[in-house]
Amino acid sequence: MKPKITVIGSLNMDLTATSVKRPMAGETILGERFETFPGGKGANQAVAASRLGAEVTMIGMVGQDPFGNELMHVLHQEGVRTDHIGRADTSSGVAVIQVVDGDNSITVIPGANFALTPSSIEVKREVIAASDIVLIQLEIPMETVLAAARCCKEANVPYILNPAPAQQLPLEVIEQAAWITPNESEAAVLFDDTEKALKEYADKLVITKGEDGVIYSGGHVEAFPVQPVDTTGAGDTFNAALAFQLASGSALSEACSYANAAAALQIVSHGAQAGMPLHDEVISFLRQNGQNPL
Ligand code: RIB
């Protein structure tokens, strides 16, 4: 049976400039390439989970503009249910992304994503209740994140909180999460003492450390060494793959290994969604790297 994953989050159009260096304040440089890609942490996670084989529903908001049309079209083509994505009377979310040496810096202008209100989540209770797992990130208003967390709790559905971009959170949102997946800098924003937090939230707090892999209380799962082309969407691929495996009943260590493999495959392409792998590709990659797949 396909795991049912609901993603509550953002959809953005990514405007990506690739250059050999980052301009300093007041400096103009010539870049190498400019591309537009569908993105947004929520939409990326939805696409990644769908490619892996989950039945995915997205709850979010786009604008009534050409970017909104394109973002909806791409999700639909990827097999994601889009009938719970609303249309706000404003522009769609946009991310301005600079890629240098495969690594990115991102400025997000939330636009329609910030029109996703708590009440627009509360009316989706039945969708949430029908899910095996819910994925939530932080490119939507915090009161909406809180409403989503409460709906999951009421419906007894576990959620993964991917606290990106980093910001402080109501304790309730942390306490009620089944898993929390910050990277190292996000963890530093959330917790005064990361080591203490790892113990306090054992088996719940999973910290991603890029090429150093993933840690959780008592566990370290190695990353796979690959030369990145563009790391945009790596965290989203990791979270989607983690959700896919946890919803399928895998143990945390196996789910992290699978998620690391999915992220490694994703970062060797330009753009967030283009390189997101299929389940069979993740399994082959794990075998090629001497791992015993699930
Ligand atoms: O996680 C990557 C995503 O962050 C990009 O697609 C961009 O839209 C920003 O939301």
# chains A, B, ... in the order shown; residues from 1 in each chain; ligands from 1
$ residues_around --residues "Glu35 of chain A" --least-positions-apart "4" --cutoff "8 Å" --atoms "only C-alpha atoms" --output "JSON, numbers by chain"
{"A": [15, 16, 17]}
$ residues_near_ligand --ligand "ligand 1" --cutoff "6 Å" --atoms "only C-alpha atoms and all ligand atoms" --output "PyMOL selection string"
chain A and resi 12+14+39-41+95+232-233+236+272
$ closest_atom_pairs --of "segment 120-174 of chain A" --to "segment 56-78 of chain A" --cutoff "12 Å" --atoms "only C-alpha atoms" --output "CSV"
residue,atom,partner,partner_atom,distance
A:Ser120,CA,A:Ile59,CA,8.9
A:Ile121,CA,A:Ile59,CA,7.8
A:Glu122,CA,A:Ile59,CA,11.2
A:Val123,CA,A:Ile59,CA,10.9
A:Lys124,CA,A:Ile59,CA,8.2
A:Arg125,CA,A:Ile59,CA,11.1
A:Glu126,CA,A:Thr57,CA,11.9
A:Val127,CA,A:Thr57,CA,8.1
A:Ile128,CA,A:Thr57,CA,9.3
A:Ala130,CA,A:Thr57,CA,10.3
A:Ser131,CA,A:Thr57,CA,8.8
A:Asp132,CA,A:Val56,CA,10.4
A:Ile133,CA,A:Val56,CA,10.1
A:Val134,CA,A:Thr57,CA,9.5
A:Leu135,CA,A:Met58,CA,9.6
A:Ile136,CA,A:Ile59,CA,10.0
A:Gln137,CA,A:Gly60,CA,11.4
A:Glu139,CA,A:Gly60,CA,10.3
A:Ile140,CA,A:Gly60,CA,8.6
A:Pro141,CA,A:Gly60,CA,11.3
A:Thr144,CA,A:Gly60,CA,10.7
A:Val145,CA,A:Gly60,CA,11.6
A:Ala148,CA,A:Ile59,CA,10.3
$ residues_around --residues "segment 172-181 of chain A" --least-positions-apart "2" --cutoff "7 Å" --atoms "only C-alpha atoms" --output "number ranges by chain"
A: 146, 149, 158-163, 169-170, 183, 204-208
$ closest_residue --among "A:Gly9, A:Lys21, A:Ser257, A:Asp103" --to "Met142 of chain A" --atoms "only C-alpha atoms"
A:Gly9
$ atom_distance --atom1 "atom CA of Val226 of chain A" --atom2 "atom CA of Phe244 of chain A"
22.6 Å
$ atom_distance --atom1 "atom CA of Val7 of chain A" --atom2 "atom CA of Ala43 of chain A"
7.8 Å
$ closest_residue --among "A:Pro182, A:Ser269, A:Tyr258, A:Ala88" --to "Asn292 of chain A" --atoms "only C-alpha atoms"
A:Tyr258
$ atom_distance --atom1 "atom CA of Pro225 of chain A" --atom2 "atom CA of Ala251 of chain A"
22.9 Å
$ select_by_dssp --residues "segment 53-127 of chain A" --states "alpha helix (DSSP H)" --output "compact mmCIF listing (two decimals) with N, CA and C atoms, in the first residue's frame"
# COMPACT_ATOMS: atom_id res chain seq x y z
N PRO A 66 0.68 33.89 -13.60
CA PRO A 66 1.27 32.81 -14.40
C PRO A 66 2.16 31.87 -13.57
N PHE A 67 2.88 32.39 -12.58
CA PHE A 67 3.69 31.51 -11.74
C PHE A 67 2.79 30.52 -11.00
N GLY A 68 1.66 31.02 -10.52
CA GLY A 68 0.71 30.15 -9.80
C GLY A 68 0.21 29.03 -10.72
N ASN A 69 -0.12 29.39 -11.96
CA ASN A 69 -0.59 28.38 -12.92
C ASN A 69 0.48 27.32 -13.14
N GLU A 70 1.70 27.78 -13.32
CA GLU A 70 2.82 26.86 -13.62
C GLU A 70 3.09 25.94 -12.41
N LEU A 71 3.06 26.52 -11.21
CA LEU A 71 3.34 25.71 -10.01
C LEU A 71 2.28 24.62 -9.84
N MET A 72 1.02 24.97 -10.09
CA MET A 72 -0.07 23.99 -9.98
C MET A 72 0.08 22.90 -11.04
N HIS A 73 0.40 23.33 -12.26
CA HIS A 73 0.52 22.41 -13.39
C HIS A 73 1.62 21.37 -13.11
N VAL A 74 2.76 21.86 -12.63
CA VAL A 74 3.89 20.95 -12.38
C VAL A 74 3.53 19.92 -11.31
N LEU A 75 2.90 20.37 -10.24
CA LEU A 75 2.53 19.43 -9.17
C LEU A 75 1.56 18.37 -9.70
N HIS A 76 0.60 18.84 -10.48
CA HIS A 76 -0.40 17.93 -11.05
C HIS A 76 0.29 16.88 -11.92
N GLN A 77 1.22 17.34 -12.75
CA GLN A 77 1.96 16.41 -13.63
C GLN A 77 2.77 15.41 -12.82
N PRO A 118 -4.85 29.93 9.40
CA PRO A 118 -5.25 28.80 10.25
C PRO A 118 -6.60 28.22 9.83
N SER A 119 -7.55 29.09 9.46
CA SER A 119 -8.88 28.55 9.13
C SER A 119 -8.83 27.74 7.83
N SER A 120 -7.88 28.11 6.93
CA SER A 120 -7.79 27.31 5.70
C SER A 120 -7.19 25.93 5.97
N ILE A 121 -6.57 25.76 7.11
CA ILE A 121 -6.08 24.42 7.51
C ILE A 121 -7.20 23.68 8.24
N GLU A 122 -7.89 24.41 9.12
CA GLU A 122 -8.93 23.75 9.94
C GLU A 122 -10.01 23.10 9.07
N ARG A 125 -9.41 19.32 7.88
CA ARG A 125 -9.25 18.29 8.92
C ARG A 125 -9.35 16.87 8.37
N GLU A 126 -10.31 16.68 7.46
CA GLU A 126 -10.53 15.31 6.96
C GLU A 126 -9.35 14.83 6.12
N VAL A 127 -8.76 15.77 5.37
CA VAL A 127 -7.59 15.40 4.55
C VAL A 127 -6.45 15.00 5.48
$ residues_around --residues "Gly218 of chain A" --least-positions-apart "5" --cutoff "10 Å" --atoms "only C-alpha atoms" --output "list in words"
Leu198, Lys199, Ala202 and Asp203 of chain A
$ residues_around --residues "Thr107 of chain A" --least-positions-apart "3" --cutoff "9 Å" --atoms "only C-alpha atoms" --output "NGL selection string"
:A and (94-98)
$ write_last_selection --atoms "C-alpha atoms" --output "compact mmCIF listing (two decimals), in the first residue's frame"
# COMPACT_ATOMS: atom_id res chain seq x y z
CA VAL A 94 9.09 33.62 -5.24
CA ALA A 95 12.59 32.58 -4.17
CA VAL A 96 15.65 34.45 -5.43
CA ILE A 97 18.48 31.93 -5.38
CA GLN A 98 22.20 32.40 -5.89
